[in-house]
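The structure file work_36.cif is reproduced below (mmCIF, C-alpha atoms and all ligand atoms).
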```
data_structure
loop_
_atom_site.label_atom_id
_atom_site.label_comp_id
_atom_site.auth_asym_id
_atom_site.auth_seq_id
_atom_site.Cartn_x
_atom_site.Cartn_y
_atom_site.Cartn_z
CA MET A 1338 -19.53 -27.68 13.95
CA HIS A 1339 -22.02 -29.70 11.93
CA PRO A 1340 -21.13 -33.47 11.75
CA SER A 1341 -21.58 -33.37 7.97
CA GLU A 1342 -18.65 -30.96 7.74
CA LEU A 1343 -16.36 -33.66 9.09
CA LYS A 1344 -17.70 -36.26 6.70
CA GLU A 1345 -16.62 -34.12 3.76
CA CYS A 1346 -13.01 -34.12 4.97
CA ARG A 1347 -10.50 -35.93 2.80
CA ILE A 1348 -8.67 -38.80 4.48
CA LEU A 1349 -5.57 -40.50 3.06
CA VAL A 1350 -4.59 -43.98 4.32
CA VAL A 1351 -0.99 -45.15 3.74
CA ASP A 1352 -0.17 -48.71 4.83
CA ASP A 1353 1.79 -51.35 2.90
CA GLU A 1354 -0.47 -54.15 4.15
CA GLU A 1355 -3.56 -54.45 1.97
CA PRO A 1356 -5.77 -56.02 4.72
CA ASN A 1357 -5.11 -53.04 7.03
CA VAL A 1358 -6.07 -50.61 4.29
CA ARG A 1359 -9.25 -52.59 3.58
CA VAL A 1360 -10.28 -52.62 7.25
CA LEU A 1361 -9.70 -48.89 7.61
CA ARG A 1362 -11.54 -48.03 4.40
CA ARG A 1363 -14.52 -50.09 5.47
CA LEU A 1364 -14.47 -48.54 8.93
CA LEU A 1365 -14.32 -44.99 7.55
CA THR A 1366 -17.00 -45.59 4.91
CA ARG A 1367 -19.37 -47.07 7.48
CA ALA A 1368 -18.78 -44.08 9.73
CA GLY A 1369 -19.95 -41.87 6.85
CA TYR A 1370 -16.63 -40.49 5.54
CA ARG A 1371 -17.09 -40.08 1.81
CA GLU A 1372 -13.66 -38.87 0.70
CA VAL A 1373 -11.19 -41.63 1.43
CA GLU A 1374 -8.08 -42.36 -0.64
CA SER A 1375 -5.48 -45.02 0.07
CA THR A 1376 -2.24 -46.57 -1.12
CA THR A 1377 -0.06 -49.50 -0.15
CA ASP A 1378 2.93 -47.97 -1.92
CA PRO A 1379 4.52 -45.14 0.11
CA ARG A 1380 6.29 -43.90 -3.03
CA GLU A 1381 2.87 -42.77 -4.27
CA VAL A 1382 2.33 -40.45 -1.33
CA SER A 1383 3.86 -37.36 -2.90
CA ARG A 1384 1.64 -37.58 -6.00
CA ILE A 1385 -1.54 -38.40 -4.08
CA PHE A 1386 -0.82 -35.73 -1.48
CA HIS A 1387 -0.84 -33.02 -4.15
CA GLU A 1388 -3.73 -34.39 -6.20
CA PHE A 1389 -6.00 -35.36 -3.34
CA GLN A 1390 -5.01 -32.64 -0.82
CA PRO A 1391 -5.99 -34.62 2.28
CA ASP A 1392 -7.17 -33.13 5.57
CA LEU A 1393 -5.85 -36.09 7.55
CA LEU A 1394 -3.19 -38.73 6.98
CA LEU A 1395 -3.44 -42.19 8.53
CA LEU A 1396 0.15 -43.40 8.34
CA ASP A 1397 1.81 -46.73 8.92
CA LEU A 1398 5.39 -46.52 10.20
CA ARG A 1399 7.04 -49.71 8.93
CA MET A 1400 6.90 -49.92 5.19
CA PRO A 1401 9.32 -50.92 2.40
CA HIS A 1402 10.93 -48.27 0.11
CA MET A 1403 9.94 -45.37 2.34
CA ASP A 1404 8.94 -45.68 5.98
CA GLY A 1405 6.50 -43.48 7.89
CA PHE A 1406 9.26 -41.30 9.30
CA GLU A 1407 10.57 -40.54 5.82
CA ILE A 1408 7.07 -39.62 4.71
CA MET A 1409 6.68 -37.29 7.69
CA GLU A 1410 10.01 -35.72 6.86
CA TYR A 1411 8.89 -35.20 3.26
CA LEU A 1412 5.62 -33.63 4.41
CA GLN A 1413 7.42 -31.18 6.67
CA GLY A 1414 8.68 -29.56 3.50
CA GLU A 1415 5.31 -29.69 1.76
CA VAL A 1416 2.89 -28.44 4.41
CA PRO A 1417 3.00 -24.63 4.56
CA GLU A 1418 4.30 -22.99 7.74
CA GLY A 1419 1.54 -22.43 10.26
CA GLU A 1420 -0.85 -24.89 8.61
CA TYR A 1421 -2.38 -27.60 10.78
CA PHE A 1422 -2.17 -30.90 8.91
CA PRO A 1423 -2.83 -33.80 11.29
CA ILE A 1424 -1.07 -37.15 10.96
CA LEU A 1425 -2.43 -40.18 12.82
CA VAL A 1426 0.21 -42.88 13.14
CA LEU A 1427 -0.87 -46.51 12.84
CA THR A 1428 1.59 -48.79 14.60
CA GLY A 1429 2.09 -51.96 16.57
CA ASP A 1430 5.17 -50.51 18.20
CA LEU A 1431 4.26 -47.90 20.74
CA SER A 1432 7.62 -47.79 22.48
CA ARG A 1433 8.56 -44.47 24.02
CA GLU A 1434 11.31 -43.90 21.51
CA VAL A 1435 8.99 -44.42 18.52
CA ARG A 1436 6.30 -42.20 20.04
CA GLU A 1437 8.71 -39.37 20.76
CA ARG A 1438 10.29 -39.54 17.34
CA ALA A 1439 6.92 -39.59 15.58
CA LEU A 1440 5.58 -36.70 17.67
CA SER A 1441 8.67 -34.63 16.97
CA MET A 1442 8.17 -35.17 13.23
CA GLY A 1443 4.55 -34.03 13.08
CA ALA A 1444 2.45 -36.95 14.29
CA ARG A 1445 -0.55 -35.74 16.31
CA ASP A 1446 -1.89 -39.01 17.66
CA PHE A 1447 -1.49 -42.81 17.54
CA VAL A 1448 -3.68 -45.84 16.93
CA THR A 1449 -2.36 -49.27 17.86
CA LYS A 1450 -2.70 -52.20 15.58
CA PRO A 1451 -4.86 -54.20 15.57
CA PHE A 1452 -7.40 -51.37 15.52
CA GLU A 1453 -10.11 -50.95 18.06
CA SER A 1454 -12.82 -49.42 15.84
CA THR A 1455 -14.51 -47.05 18.27
CA GLU A 1456 -11.25 -45.67 19.59
CA ALA A 1457 -9.78 -45.26 16.11
CA LEU A 1458 -12.89 -43.40 14.89
CA LEU A 1459 -12.87 -41.10 17.93
CA ARG A 1460 -9.23 -40.19 17.39
CA ILE A 1461 -9.90 -39.55 13.69
CA LYS A 1462 -12.89 -37.35 14.57
CA ASN A 1463 -10.86 -35.32 17.08
CA LEU A 1464 -8.11 -34.61 14.61
CA LEU A 1465 -10.55 -33.67 11.85
CA GLU A 1466 -12.38 -31.31 14.19
CA ALA A 1467 -9.15 -29.53 14.95
CA ARG A 1468 -8.34 -29.39 11.22
CA VAL A 1469 -11.75 -27.91 10.31
CA LEU A 1470 -11.54 -25.32 13.10
CA HIS A 1471 -8.08 -24.38 11.92
CA LEU A 1472 -9.30 -23.91 8.34
CA GLN A 1473 -12.28 -21.85 9.51
CA LEU A 1474 -10.02 -19.62 11.58
CA GLN A 1475 -7.67 -19.18 8.64
CA ALA A 1476 -10.53 -18.18 6.33
CA HIS A 1477 -11.90 -15.80 8.95
CA ASN A 1478 -8.49 -14.15 9.42
CA GLN A 1479 -8.13 -13.74 5.69
CA THR A 1480 -11.52 -12.02 5.43
CA LEU A 1481 -10.61 -9.72 8.31
CA GLU A 1482 -7.27 -8.83 6.73
CA GLU A 1483 -8.99 -8.04 3.44
CA ARG A 1484 -11.52 -5.83 5.23
CA VAL A 1485 -8.78 -3.96 7.09
CA ARG A 1486 -6.91 -3.40 3.82
CA GLU A 1487 -10.08 -2.10 2.17
CA ARG A 1488 -10.89 0.27 5.05
CA THR A 1489 -7.31 1.55 5.16
CA ARG A 1490 -7.46 2.28 1.45
CA ASP A 1491 -10.80 4.09 1.85
CA LEU A 1492 -9.43 6.12 4.73
CA ALA A 1493 -6.33 7.16 2.81
CA GLU A 1494 -8.48 8.11 -0.16
CA ALA A 1495 -10.86 10.14 2.03
CA GLN A 1496 -7.97 11.99 3.68
CA LEU A 1497 -6.44 12.95 0.35
CA GLU A 1498 -9.80 13.98 -1.04
CA ILE A 1499 -10.47 16.19 2.00
CA LEU A 1500 -7.05 17.85 1.62
CA ASN A 1501 -7.75 18.43 -2.03
CA ARG A 1502 -11.13 19.95 -1.30
CA LEU A 1503 -9.57 22.16 1.37
CA ALA A 1504 -7.13 23.41 -1.27
CA VAL A 1505 -10.02 24.07 -3.67
CA ALA A 1506 -11.89 25.94 -0.91
CA ALA A 1507 -8.84 28.11 -0.27
CA GLU A 1508 -8.61 29.12 -3.93
CA TYR A 1509 -12.35 29.24 -4.54
CA ARG A 1510 -12.60 33.01 -4.80
CA ASP A 1511 -9.78 33.67 -7.21
CA ASP A 1512 -9.32 30.46 -9.18
CA LEU A 1513 -12.11 30.08 -11.71
CA THR A 1514 -11.39 26.46 -12.48
CA GLY A 1515 -10.38 25.12 -9.07
CA ARG A 1516 -7.42 23.44 -10.70
CA HIS A 1517 -4.58 25.83 -9.79
CA ALA A 1518 -3.82 23.99 -6.54
CA GLU A 1519 -3.73 20.61 -8.28
CA ARG A 1520 -1.51 21.86 -11.10
CA VAL A 1521 0.94 23.42 -8.63
CA GLY A 1522 0.96 20.10 -6.72
CA LEU A 1523 1.73 18.07 -9.82
CA LEU A 1524 4.24 20.51 -11.28
CA SER A 1525 6.05 20.73 -7.92
CA ALA A 1526 6.24 16.93 -7.73
CA LEU A 1527 7.60 16.75 -11.28
CA ILE A 1528 10.26 19.34 -10.49
CA ALA A 1529 11.13 17.47 -7.27
CA ARG A 1530 11.58 14.28 -9.27
CA GLU A 1531 13.68 16.09 -11.88
CA LEU A 1532 15.89 17.33 -9.03
CA GLY A 1533 16.36 13.72 -7.90
CA LEU A 1534 14.51 13.97 -4.58
CA PRO A 1535 13.48 10.62 -3.03
CA PRO A 1536 10.17 9.13 -4.28
CA GLU A 1537 8.55 9.53 -0.84
CA MET A 1538 9.34 13.26 -0.89
CA VAL A 1539 8.02 13.56 -4.45
CA ARG A 1540 4.80 11.86 -3.34
CA LEU A 1541 4.39 14.16 -0.33
CA ILE A 1542 5.13 17.34 -2.29
CA ARG A 1543 2.49 16.36 -4.82
CA ARG A 1544 -0.17 16.57 -2.09
CA ALA A 1545 1.32 19.13 0.27
CA ALA A 1546 1.96 21.74 -2.43
CA THR A 1547 -1.76 21.92 -3.23
CA LEU A 1548 -2.24 23.61 0.16
CA HIS A 1549 0.36 26.36 -0.39
CA ASP A 1550 -2.21 29.17 -0.43
CA VAL A 1551 -4.63 27.79 2.13
CA GLY A 1552 -3.97 30.93 4.20
CA LYS A 1553 -5.79 33.03 1.58
CA ILE A 1554 -8.92 32.00 3.46
CA GLY A 1555 -7.92 34.74 5.90
CA VAL A 1556 -7.40 37.48 3.28
CA SER A 1557 -10.33 39.75 2.54
CA ASP A 1558 -12.08 39.81 -0.86
CA SER A 1559 -11.26 43.49 -1.42
CA ILE A 1560 -7.54 42.67 -1.36
CA LEU A 1561 -7.57 39.22 -2.89
CA MET A 1562 -9.78 40.20 -5.83
CA LYS A 1563 -8.47 43.72 -6.38
CA PRO A 1564 -7.65 44.42 -10.01
CA GLY A 1565 -4.35 46.22 -10.40
CA ALA A 1566 -1.63 46.96 -7.91
CA LEU A 1567 -2.09 46.70 -4.16
CA THR A 1568 -1.27 49.60 -1.84
CA PRO A 1569 1.65 48.92 0.52
CA LYS A 1570 -0.85 48.36 3.34
CA GLU A 1571 -2.89 45.94 1.27
CA TYR A 1572 0.26 44.14 0.24
CA GLU A 1573 1.16 43.66 3.91
CA GLN A 1574 -2.27 42.09 4.42
CA MET A 1575 -1.78 39.84 1.39
CA LYS A 1576 1.60 38.71 2.69
CA LEU A 1577 -0.07 37.45 5.85
CA HIS A 1578 -1.49 34.49 3.92
CA THR A 1579 1.78 32.58 4.41
CA GLU A 1580 1.53 33.01 8.16
CA ILE A 1581 -2.18 32.19 8.28
CA GLY A 1582 -1.56 29.09 6.17
CA ALA A 1583 1.20 27.94 8.48
CA ARG A 1584 -1.08 28.48 11.48
CA ILE A 1585 -3.86 26.45 9.88
CA LEU A 1586 -1.50 23.59 9.04
CA SER A 1587 1.02 23.59 11.89
CA GLY A 1588 1.22 21.20 14.81
CA SER A 1589 0.26 18.06 12.91
CA ARG A 1590 2.09 14.80 13.52
CA PHE A 1591 1.59 13.70 9.92
CA PRO A 1592 4.51 14.23 7.51
CA LEU A 1593 2.16 15.40 4.75
CA LEU A 1594 0.73 18.22 6.86
CA LYS A 1595 4.14 19.08 8.31
CA LEU A 1596 5.42 19.56 4.78
CA ALA A 1597 2.29 21.50 3.78
CA SER A 1598 2.91 23.87 6.69
CA GLU A 1599 6.55 24.32 5.62
CA ILE A 1600 5.44 25.09 2.05
CA ALA A 1601 2.72 27.53 3.17
CA THR A 1602 5.34 29.50 5.12
CA SER A 1603 8.14 29.45 2.59
CA HIS A 1604 6.67 29.59 -0.92
CA HIS A 1605 7.10 33.38 -1.19
CA GLU A 1606 10.70 33.45 0.01
CA TRP A 1607 13.18 34.62 -2.62
CA TRP A 1608 16.55 33.02 -3.31
CA ASN A 1609 18.21 36.44 -2.83
CA GLY A 1610 16.44 37.04 0.48
CA GLN A 1611 14.07 39.72 -0.88
CA GLY A 1612 10.92 37.64 -0.49
CA TYR A 1613 8.62 37.27 2.48
CA GLY A 1614 7.72 34.65 5.05
CA GLU A 1615 10.60 34.42 7.45
CA GLY A 1616 13.07 36.38 5.31
CA LEU A 1617 15.27 33.39 4.51
CA VAL A 1618 18.05 33.35 1.88
CA GLY A 1619 19.30 30.69 -0.54
CA GLU A 1620 19.48 27.20 0.88
CA GLU A 1621 18.04 28.37 4.18
CA ILE A 1622 14.72 28.23 2.35
CA PRO A 1623 13.36 24.68 2.47
CA ILE A 1624 13.71 22.95 -0.91
CA SER A 1625 9.93 22.36 -0.89
CA GLY A 1626 9.31 26.11 -0.74
CA ARG A 1627 11.89 26.82 -3.45
CA ILE A 1628 10.19 24.31 -5.74
CA VAL A 1629 6.64 25.51 -5.10
CA ALA A 1630 7.79 29.13 -5.66
CA VAL A 1631 8.57 28.35 -9.32
CA ALA A 1632 5.53 26.12 -9.88
CA ASP A 1633 3.15 28.63 -8.26
CA VAL A 1634 4.45 31.70 -10.11
CA PHE A 1635 4.44 29.98 -13.49
CA ASP A 1636 0.94 28.59 -13.07
CA SER A 1637 -0.48 31.85 -11.68
CA LEU A 1638 1.03 33.83 -14.56
CA THR A 1639 -0.27 31.54 -17.27
CA HIS A 1640 -3.85 31.38 -16.01
CA LYS A 1641 -6.56 33.98 -15.95
CA ARG A 1642 -7.83 35.25 -12.60
CA PRO A 1643 -10.88 37.43 -11.92
CA TYR A 1644 -8.54 40.41 -11.46
CA LYS A 1645 -5.96 39.72 -14.20
CA GLN A 1646 -5.44 38.33 -17.65
CA ALA A 1647 -3.25 35.34 -18.37
CA PHE A 1648 0.30 35.88 -19.58
CA HIS A 1649 1.40 34.09 -22.69
CA ARG A 1650 3.40 30.95 -21.91
CA ASP A 1651 6.65 32.29 -23.42
CA GLU A 1652 6.30 35.58 -21.59
CA ALA A 1653 5.85 33.69 -18.33
CA LEU A 1654 8.86 31.49 -19.10
CA GLY A 1655 10.89 34.65 -19.73
CA LEU A 1656 9.95 35.98 -16.29
CA ILE A 1657 10.96 32.72 -14.63
CA ARG A 1658 14.29 32.80 -16.48
CA GLU A 1659 14.84 36.40 -15.37
CA GLY A 1660 14.19 35.36 -11.78
CA ARG A 1661 16.84 32.62 -11.88
CA GLY A 1662 19.27 33.26 -9.04
CA GLU A 1663 17.21 36.27 -7.87
CA GLN A 1664 13.70 35.22 -6.98
CA PHE A 1665 14.25 31.54 -7.70
CA ASP A 1666 16.76 28.81 -6.86
CA PRO A 1667 18.80 28.34 -10.10
CA ALA A 1668 18.73 24.54 -9.78
CA VAL A 1669 14.93 24.56 -9.48
CA VAL A 1670 14.61 26.82 -12.53
CA ASP A 1671 16.89 24.49 -14.50
CA ALA A 1672 14.83 21.45 -13.54
CA PHE A 1673 11.65 23.32 -14.47
CA MET A 1674 13.10 24.37 -17.85
CA LYS A 1675 14.00 20.76 -18.56
CA LEU A 1676 10.34 19.82 -18.04
CA VAL A 1677 9.37 22.69 -20.35
CA GLU A 1678 11.71 21.36 -23.06
CA GLU A 1679 10.25 17.88 -22.65
CA GLY A 1680 6.77 19.28 -23.24
CA VAL A 1681 5.51 18.17 -19.84
CA VAL A 1682 4.61 21.64 -18.63
CA ASP A 1683 2.24 22.18 -21.57
CA GLN A 1684 0.35 19.01 -20.66
CA LEU A 1685 -0.31 19.87 -17.03
CA ASP A 1686 -4.03 20.48 -17.37
CA GLU A 1687 -4.53 17.18 -19.09
CA LEU A 1688 -2.28 15.31 -16.63
CA VAL A 1689 -4.03 16.74 -13.60
CA GLY A 1690 -7.37 15.62 -14.98
CA ARG A 1691 -6.09 12.08 -15.42
CA ALA A 1692 -4.37 11.46 -12.09
CA ALA A 1693 -6.28 9.77 -9.29
CA PHE A 1694 -6.34 10.79 -5.64
CA VAL A 1695 -4.67 7.60 -4.53
CA SER A 1696 -1.91 6.08 -6.52
CA THR A 1697 -0.02 2.82 -6.44
CA ASP A 1698 2.92 4.63 -7.98
CA PRO A 1699 5.55 5.23 -5.26
CA GLU A 1700 5.87 8.85 -6.35
CA GLY A 1701 2.10 9.28 -6.54
CA LEU A 1702 2.38 10.76 -10.02
CA GLU A 1703 0.63 7.97 -11.86
CA VAL A 1704 1.26 9.59 -15.19
CA ASN A 1705 3.58 8.44 -17.90
CA LEU A 1706 5.62 11.35 -19.00
CA PRO A 1707 8.17 11.81 -21.71
CA GLY A 1708 11.60 11.50 -20.16
CA ALA A 1709 10.23 9.90 -16.99
CA PRO A 1710 12.53 7.30 -15.46
CA PRO A 1711 11.42 3.72 -16.06
CA ARG A 1712 8.82 2.44 -13.63
CA THR A 1713 9.90 -0.40 -11.37
CA ALA A 1714 6.56 -0.86 -9.64
FE FE A 1801 0.91 32.24 -2.08
#
```
Would you write out, as structure tokens, the structure that this file holds?
Amino acid sequence: MHPSELKECRILVVDDEEPNVRVLRRLLTRAGYREVESTTDPREVSRIFHEFQPDLLLLDLRMPHMDGFEIMEYLQGEVPEGEYFPILVLTGDLSREVRERALSMGARDFVTKPFESTEALLRIKNLLEARVLHLQLQAHNQTLEERVRERTRDLAEAQLEILNRLAVAAEYRDDLTGRHAERVGLLSALIARELGLPPEMVRLIRRAATLHDVGKIGVSDSILMKPGALTPKEYEQMKLHTEIGARILSGSRFPLLKLASEIATSHHEWWNGQGYGEGLVGEEIPISGRIVAVADVFDSLTHKRPYKQAFHRDEALGLIREGRGEQFDPAVVDAFMKLVEEGVVDQLDELVGRAAFVSTDPEGLEVNLPGAPPRTA
């Protein structure tokens, strides 16, 4: 530590006897301390403490109006928890009782009156050194914490971006815009919110649903891109994408990937048990899969693919309505239709373009929608 650092420290002297204050001020000034403040009225301490913000307090114990112990008691409430603010007690009475009481109330050291200059200056220097080291450590810790926060944010952002790019890669051959996965993610999250699922689940579905068709990576071009109907054999191959997706995503310890695996397996199950995956029925099908089923079918129908034209919105809505209670969970269809009525579904493309990878919004939606519940954060 450079000696000049100590000389910049702020020292407050509180003693009701003017001659004592004068001696100390002279001593400190001669030793090179530039920032010295003093008072003979202990009632001034609170004001000076806040204005001057001292690094060290030289404190007399016996004073009228407010003695040194009362000042120490007051400071206990003012000095933040964990902060090192040294108090050097100036006293003629160094009885054991006084020492113990002062130490228990925050005193760090003592100087006996009348002062012995060299000793007093050494004690002052020691306490200021400890104070400066403490402040340096505090600043260092703060910088480290900020860096850790920054890195954590970067890491989270990178992870989400990689997942998103994986979803785009999976749909690269048959989605001309690369936005199907994102729209299904957002629409699924909106339906989940409409159904009243917890914000954490809404946030996870938003990301996990984008990977629903990741297994298409394992389906050949001739089947995936075939215009018109598939032969039964080709259809069996196509159906494998749920299983391939689950294999790609399974075994992770992260909730997001666990949910993505669940969605990949279950998004082609039908409410009436006629779908594929594991052949589940009704509520046996995970709610995530039931939600993505509606979002995926609607978005696939309403967008053009290399092998098919887009359906008109109302035609697609009609098909979803027809599937209520057959292909789709009725409650999920109802929640979806509510979003349609609110006009949200028609804004999906725009909303997807606006939302960021990482959101401060607890549901990760980061979009203000008509009919959305009020934001608390
Ligand atoms: Fe699929």
Which protein, DNA or RNA residues have an atom within 7 Å of ligand FE 1801 (chain A), counting all atoms listed in the file, as a list in words?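 Using all atoms listed in the file, everything at most 7 Å from ligand FE 1801 (chain A) comes to His1549, Asp1550, His1578, Thr1579, His1604 and His1605 of chain A.
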Have a look at A:Glu1415, A:His1517, A:Glu1482, A:Lys1563 and name the one nearest to Thr1639 in chain A; count all atoms listed in the file. A:His1517
To one decimal place in Å, what is the distance between CA of Asp1512 in chain A and CA of Glu1571 in chain A?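 Interatomic distance, CA of Asp1512 in chain A to CA of Glu1571 in chain A: 19.8 Å.
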Could you check which of A:Trp1608, A:Ser1625, A:Arg1584, A:Arg1516 is closest to Val1689 in chain A, using only C-alpha atoms?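 Closest residue, counting only C-alpha atoms: A:Arg1516.
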One decimal place gives the CA of Ile1408 in chain A-CA of Thr1455 in chain A separation as 26.5 Å
Quick one: distance from CA of Glu1453 in chain A to CA of Arg1436 in chain A in Å, one decimal? 18.7 Å
Select from range 1577-1635 of chain A every residue with an atom at most 9 Å from any atom of range 1640-1663 of chain A, then for each give the shortest pair of atoms and their distance in Å to one decimal, using only C-alpha atoms, rows by chain and rising number, as JSON lines.
```
{"residue": "A:Trp1607", "atom": "CA", "partner": "A:Glu1663", "partner_atom": "CA", "distance": 6.8}
{"residue": "A:Trp1608", "atom": "CA", "partner": "A:Glu1663", "partner_atom": "CA", "distance": 5.6}
{"residue": "A:Asn1609", "atom": "CA", "partner": "A:Glu1663", "partner_atom": "CA", "distance": 5.1}
{"residue": "A:Gly1610", "atom": "CA", "partner": "A:Glu1663", "partner_atom": "CA", "distance": 8.4}
{"residue": "A:Gln1611", "atom": "CA", "partner": "A:Glu1663", "partner_atom": "CA", "distance": 8.4}
{"residue": "A:Gly1619", "atom": "CA", "partner": "A:Gly1662", "partner_atom": "CA", "distance": 8.9}
{"residue": "A:Val1631", "atom": "CA", "partner": "A:Ile1657", "partner_atom": "CA", "distance": 7.3}
{"residue": "A:Val1634", "atom": "CA", "partner": "A:Ile1657", "partner_atom": "CA", "distance": 8.0}
{"residue": "A:Phe1635", "atom": "CA", "partner": "A:Ala1653", "partner_atom": "CA", "distance": 6.3}
```
Keeping only C-alpha atoms, take the residues you just selected and write them out as an mmCIF file, in the coordinates of the input.
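Result saved to result-v2.cif:
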```cif
data_model
loop_
_atom_site.group_PDB
_atom_site.id
_atom_site.type_symbol
_atom_site.label_atom_id
_atom_site.label_comp_id
_atom_site.auth_asym_id
_atom_site.auth_seq_id
_atom_site.Cartn_x
_atom_site.Cartn_y
_atom_site.Cartn_z
ATOM 1 C CA TRP A 1607 13.180 34.620 -2.620
ATOM 2 C CA TRP A 1608 16.550 33.020 -3.310
ATOM 3 C CA ASN A 1609 18.210 36.440 -2.830
ATOM 4 C CA GLY A 1610 16.440 37.040 0.480
ATOM 5 C CA GLN A 1611 14.070 39.720 -0.880
ATOM 6 C CA GLY A 1619 19.300 30.690 -0.540
ATOM 7 C CA VAL A 1631 8.570 28.350 -9.320
ATOM 8 C CA VAL A 1634 4.450 31.700 -10.110
ATOM 9 C CA PHE A 1635 4.440 29.980 -13.490
#
```
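Comparing the minimum interatomic distances between Pro1391 in chain A and each of A:Val1360, A:Val1351, A:Leu1459, A:Ala1444, counting only C-alpha atoms, we find that A:Val1351 sits nearest.
Using all atoms listed in the file, the nearest neighbour of Phe1452 in chain A within the list A:Ser1375, A:Ser1603, A:Thr1428, A:Ser1598 is A:Thr1428.
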Nearest residue to Asp1446 in chain A out of A:Leu1464, A:Leu1596, A:Leu1676, A:Ala1601, using all atoms listed in the file? A:Leu1464
From the list A:Met1400, A:Met1338, A:Met1562, A:Leu1431, which residue is nearest Asn1463 in chain A when using only C-alpha atoms?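 Of all the options, A:Met1338 lies closest to Asn1463 in chain A.
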Please provide as number ranges by chain all residues within 10 Å of Glu1407 in chain A, with the sequence filter that same-chain residues fewer than 4 positions apart are discarded (counting only C-alpha atoms). A: 1379, 1398, 1402-1403, 1411-1413, 1442
Put a box with edges along x, y and z around all the listed atoms of range 1590-1600 of chain A, pad it by 3 Å on each side, then give me its centre and sizes in Å, one decimal, as AutoDock Vina command-line options.
```
--center_x 3.6 --center_y 19.4 --center_z 7.8 --size_x 11.8 --size_y 17.4 --size_z 17.5
```
Contacts of Ser1454 in chain A within 12 Å, all atoms listed in the file, excl. fewer than 5 positions in-chain, as a CSV table (one decimal) with C-alpha atoms, in the coordinates of the input:
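Listing of around09.csv after writing:
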```
chain,number,residue,atom,x,y,z
A,1360,VAL,CA,-10.3,-52.6,7.2
A,1361,LEU,CA,-9.7,-48.9,7.6
A,1362,ARG,CA,-11.5,-48.0,4.4
A,1363,ARG,CA,-14.5,-50.1,5.5
A,1364,LEU,CA,-14.5,-48.5,8.9
A,1365,LEU,CA,-14.3,-45.0,7.6
A,1367,ARG,CA,-19.4,-47.1,7.5
A,1368,ALA,CA,-18.8,-44.1,9.7
A,1448,VAL,CA,-3.7,-45.8,16.9
A,1449,THR,CA,-2.4,-49.3,17.9
A,1459,LEU,CA,-12.9,-41.1,17.9
A,1460,ARG,CA,-9.2,-40.2,17.4
A,1461,ILE,CA,-9.9,-39.6,13.7
```
